[in-house]
Amino acid sequence: MEKTILVDHLVKNFEVTEKTPGLMGAFSTLFSPKKKVIHALKDISLSVGKGELVGFIGPNGAGKTTTLKILSGLLFPTAGVTQVLGFDPWERRTDFLKKISLVMGQKNQLWWDLPAIDTFELNRAIYEIPTRVYKESLDELVTLLDVGKLLNIQVRRLSLGQRMRLELVAALLHQPEILFLDEPTIGLDLVAQEKMRNFIYEYNRKHQATILLTSHNMDDLMDLARRVIVIDKGRIIFDGILEELVARFAKEKIIKVSLSKEADLKKFDTIGKVKRVAFPEIVLSVPRTTVAVAASEILQNFPVEDLTIEEVAIEDIIRKVFRGEAPLRKRR
Amino acid sequence: MKTAIKYFKVWWMMSRNSFMQMFAQRFGAIFLLIVKVLRFIFYLSFIYFLLKGTETLAGYNINQTIFFFLTFSLVDTVSQFFFREVYRFRPMIVTGSFDLVLAKPISPLFRSLMGGADILDLITIPPLIIAVYLIGSSLHPSGVETVYFLLLFVNGLLIATAFHIAVISLGIITLEIDHTVMIYRDLTSLGRFPVDIYREPLRGFLTFLVPVGIMVTLPAKALMGLVNLQAVVLSFTLSLVLIFLSIKFWNFALTKYSSASS
Amino acid sequence: MRKYLNVFKISFAQEFAYRLNFIMWRVRNVLQILVLFFLWTTVFSDQGRVIFGYDKAKILTYVFGVLIVRALVFSARAVDVAGEISKGDLTILLLKPINYFRYWLTRDFSSKVLNLGFAVVEIAILFPLLKPAIFLQTNGYSLLGFAISLTIAVLLFFTILMATNFVAFWAPQVGWGAQFFVIVVMSDFLAGSLFPLDILPAVVQKVLLFTPFPYLIFFPIQVYLGKLTGMAMWSGIVISLFWLAVLSILTNKIWRRGLLVYRAEGR
């Protein structure tokens, strides 16, 4: 089956001139600039099928956004093959551009001094959207994002949240087959984040659009992406289902205990690794294989009010992955 | 006396800061400098070649016409040297930094007007002065005429001061200061040539209402012996009145100041 | 195509959002023309005078011609390109199925239409006030040459403007400075908007006519005034076409290299 996105041994280097501070530095930079090469992407290969919802996570500078920019044709790959919908993104063919959309948090395409509807009309013409499709699309998006009353107000007079919703409408009017979302929930409050996630989920379900999103926010990934690609220092270190990441790594489980009265807390150290003490709550981590034994030991020896067994938080797993404590083999 | 010293010290330090800031954005500054110099050369060439062909302009010969232009340039450049800060006034108001200016124990008028002497003009002014001297002396003015010239030159600067004060006062009330400054520049640039070339009512307008004529043309005329003591006195009266009015306007504008919300 | 018509419309609407700005700009334009008008009227106060090959009517026609031609050739929105590149907003346009050059040319057109409209109104107001003698061209060939040279002038300026703005790819802070320099130097002097290049010594004129700048303002007006006809006119047009071709290719090359360097940043 034709893969929607195909990336093979992608490499991207950036050349940066190092500036020496001071007046002498300014002169020397002019005549013999010191160039440094940044290896943003070292060797990336991946493939995505139609309708998949994939989440990229990684620390800042890992290469997530660079990957998206290459896939949307903005950056020129140093080496390797990139193919999206059968096109070479760098050529930025009209047919290609009509089928994709890239949404980046702070970038605005709405014309600042005019009402949003004017930008929508402009996009209609640029993407050559047939009238019927345009109307349907507009209605659907306006309803989903609840911006009906905002269409005719000058964009500059709207709040950040309102503007971001309208930006989303503008980005999706042409019903792109592929949606690249760069940190879609950044800067939003909790409620707005949830709404955004719901929207993305619905959109993926309804339109079978392939969605690639990058995020720092674990909730984005947990709620949305079944498939997760972990990037660090320009390499993919995990590509697979989220549960697998957890299961493969999490050698431990978390036991949360709530005590009904005072007790000698030092004894917890013999059962497992105490992570946090905030009386009456105690949190400790225990090897996965012995969690049942540890739990019964606690119940027998302490005045327990409540006890729960949980998985290690994803954030912690990821953090450990990045610190190199969990060598994962990349899954093909 | 103490206040004067304090103000001079503050001015000196603000100018130093301004210099260092400019240096940080040196490319932009160098471009501006080059543009300024080129424009000057172009206008000068224009007048030169024009007068080569026509021999006189409104009765003035080539040296005289060039002198009018040089006087204009000197008044313009010196006032820009002192009052460059006016061009940064609007951002101060818009971002709310003006609040901090108002809160300091130093006249906000002084700060807004003279807080950013343009160091690049120290490069452009000396050659101008030399040029003024050279061409001026070719007109063989008498001692009295030279004195009148210098007096009226200072007078021109006083008028420029009044204008700049009015401009920033307007800038507090409306936000359209950018254009006000540019309109001021365009009007004064009418003074590149002797005001005589303009027909009434424009000439009257330029001589009395927006006194570009007095600011720029008159000093040059003084050097050519066309101005008497009465005119000098009247001009000073006018400029002092203008300064008085502009400061009143500034104080009025301050009462209308509503500080920008973040 | 429809998409460019839409760009035109939206750009036009955008200009109206800054009405005061625009009006001030026109006022300044008029002031500059007034200075020249009075200057030349004074020079030609003796009615029959002819200098530099101009009589009173022709020189005043030149001055008002500058008002019109400048509004047509120099009005541009593409001055925003440098800022767009340095702020990273270029990304948005790169993602759209639209040609970058055509997009900006269309936006320039909306500005030109607006400015030209106002210039015409300004002339309609000034003429009854100043009552200048004006030379009206009747020769068909001259008018044709005028139209052709104007079209080339518009495209030529656009090309130069875009190329200058592309400096922002390599030096984002300098972008605006470079174009300020280029526009001020070009428009005031070398293009002949301050004064007709005829007043310069013949040698200087000849040299200038080998650069592209005089073809922006000076040359088209000369053709209109009938001062350049036949071979002189056509060879001038050919030179300007040559410059247009060369600069277009150059600008395109710069654009391509710029894209390679562009990091799509500025979030």
# chains A, B, ... in the order shown; residues from 1 in each chain; ligands from 1

$ residues_around --residues "C:Ile10" --least-positions-apart "3" --cutoff "8 Å" --atoms "only C-alpha atoms" --output "PyMOL selection string"
(chain A and resi 118-119+122) or (chain C and resi 6-7+13-14)

$ write_last_selection --atoms "N, CA and C atoms" --output "mmCIF file, in the first residue's frame"
data_model
loop_
_atom_site.group_PDB
_atom_site.id
_atom_site.type_symbol
_atom_site.label_atom_id
_atom_site.label_comp_id
_atom_site.auth_asym_id
_atom_site.auth_seq_id
_atom_site.Cartn_x
_atom_site.Cartn_y
_atom_site.Cartn_z
ATOM 1 N N ASP A 118 -12.626 37.679 5.675
ATOM 2 C CA ASP A 118 -11.909 38.139 4.486
ATOM 3 C C ASP A 118 -10.723 37.225 4.168
ATOM 4 N N THR A 119 -10.022 36.817 5.218
ATOM 5 C CA THR A 119 -8.905 35.891 4.994
ATOM 6 C C THR A 119 -9.431 34.555 4.488
ATOM 7 N N LEU A 122 -10.077 34.801 0.907
ATOM 8 C CA LEU A 122 -8.805 34.805 0.192
ATOM 9 C C LEU A 122 -8.282 33.386 0.032
ATOM 10 N N ASN C 6 -8.367 38.105 -5.806
ATOM 11 C CA ASN C 6 -8.690 38.134 -4.388
ATOM 12 C C ASN C 6 -7.582 38.777 -3.576
ATOM 13 N N VAL C 7 -6.348 38.456 -3.923
ATOM 14 C CA VAL C 7 -5.211 39.072 -3.241
ATOM 15 C C VAL C 7 -5.282 40.579 -3.412
ATOM 16 N N ALA C 13 -8.219 46.456 0.628
ATOM 17 C CA ALA C 13 -8.977 46.667 1.861
ATOM 18 C C ALA C 13 -8.038 46.976 3.013
ATOM 19 N N GLN C 14 -6.912 46.303 3.036
ATOM 20 C CA GLN C 14 -5.929 46.501 4.088
ATOM 21 C C GLN C 14 -5.434 47.944 4.115
#

$ interface_residues --of "chain B" --to "chain C" --cutoff "7 Å" --atoms "only C-alpha atoms" --output "ChimeraX atom specification"
/B:27-28,31,35,42,49-50,53,57-58,179,183,186,190,197-198

$ write_last_selection --atoms "N, CA and C atoms" --output "CSV table (one decimal), in the first residue's frame"
chain,number,residue,atom,x,y,z
B,27,PHE,N,24.8,48.9,11.6
B,27,PHE,CA,24.6,48.8,10.2
B,27,PHE,C,23.4,49.7,9.8
B,28,GLY,N,22.4,49.7,10.5
B,28,GLY,CA,21.3,50.6,10.3
B,28,GLY,C,21.7,52.0,10.3
B,31,PHE,N,23.8,53.0,7.3
B,31,PHE,CA,22.9,53.2,6.2
B,31,PHE,C,22.3,54.6,6.2
B,35,VAL,N,22.7,57.6,3.6
B,35,VAL,CA,21.6,58.2,2.9
B,35,VAL,C,21.6,59.7,3.1
B,42,PHE,N,23.1,65.1,-3.4
B,42,PHE,CA,22.2,65.2,-4.6
B,42,PHE,C,21.6,66.6,-4.7
B,49,PHE,N,24.0,72.5,-10.7
B,49,PHE,CA,23.8,72.4,-12.1
B,49,PHE,C,22.6,73.2,-12.6
B,50,LEU,N,21.6,73.4,-11.7
B,50,LEU,CA,20.5,74.3,-12.1
B,50,LEU,C,21.0,75.7,-12.3
B,53,GLY,N,23.0,76.6,-15.3
B,53,GLY,CA,22.2,76.8,-16.5
B,53,GLY,C,21.4,78.1,-16.4
B,57,LEU,N,18.5,82.6,-9.4
B,57,LEU,CA,17.2,82.0,-9.0
B,57,LEU,C,16.6,83.1,-8.1
B,58,ALA,N,15.4,83.6,-8.5
B,58,ALA,CA,14.8,84.7,-7.8
B,58,ALA,C,15.7,85.8,-7.5
B,179,HIS,N,3.7,60.9,11.8
B,179,HIS,CA,3.4,61.7,10.7
B,179,HIS,C,3.6,63.2,11.0
B,183,ILE,N,5.6,65.6,8.6
B,183,ILE,CA,5.0,66.8,8.0
B,183,ILE,C,5.9,68.0,8.4
B,186,ASP,N,8.8,67.9,6.2
B,186,ASP,CA,8.5,68.3,4.8
B,186,ASP,C,8.3,69.8,4.7
B,190,LEU,N,10.8,72.8,2.7
B,190,LEU,CA,10.5,73.9,1.7
B,190,LEU,C,11.5,75.0,1.8
B,197,ILE,N,10.8,82.1,-3.6
B,197,ILE,CA,10.3,81.5,-4.8
B,197,ILE,C,8.9,81.1,-4.7
B,198,TYR,N,8.4,81.1,-3.5
B,198,TYR,CA,7.0,80.7,-3.4
B,198,TYR,C,6.0,81.8,-3.6

$ residues_around --residues "C:Gly65" --least-positions-apart "5" --cutoff "9 Å" --atoms "only C-alpha atoms" --output "PyMOL selection string"
chain C and resi 60+70+217+221

$ residues_around --residues "C:Val154" --least-positions-apart "3" --cutoff "6 Å" --atoms "only C-alpha atoms" --output "VMD selection string"
chain C and resid 73 151 157

$ write_last_selection --atoms "C-alpha atoms" --output "compact mmCIF listing (two decimals), in the first residue's frame"
# COMPACT_ATOMS: atom_id res chain seq x y z
CA VAL C 73 5.98 53.02 -10.48
CA THR C 151 5.02 49.10 -18.11
CA PHE C 157 11.14 48.68 -10.01

$ closest_residue --among "C:Leu95, C:Leu208, C:Leu150, C:Leu144" --to "chain A" --atoms "only C-alpha atoms"
C:Leu95
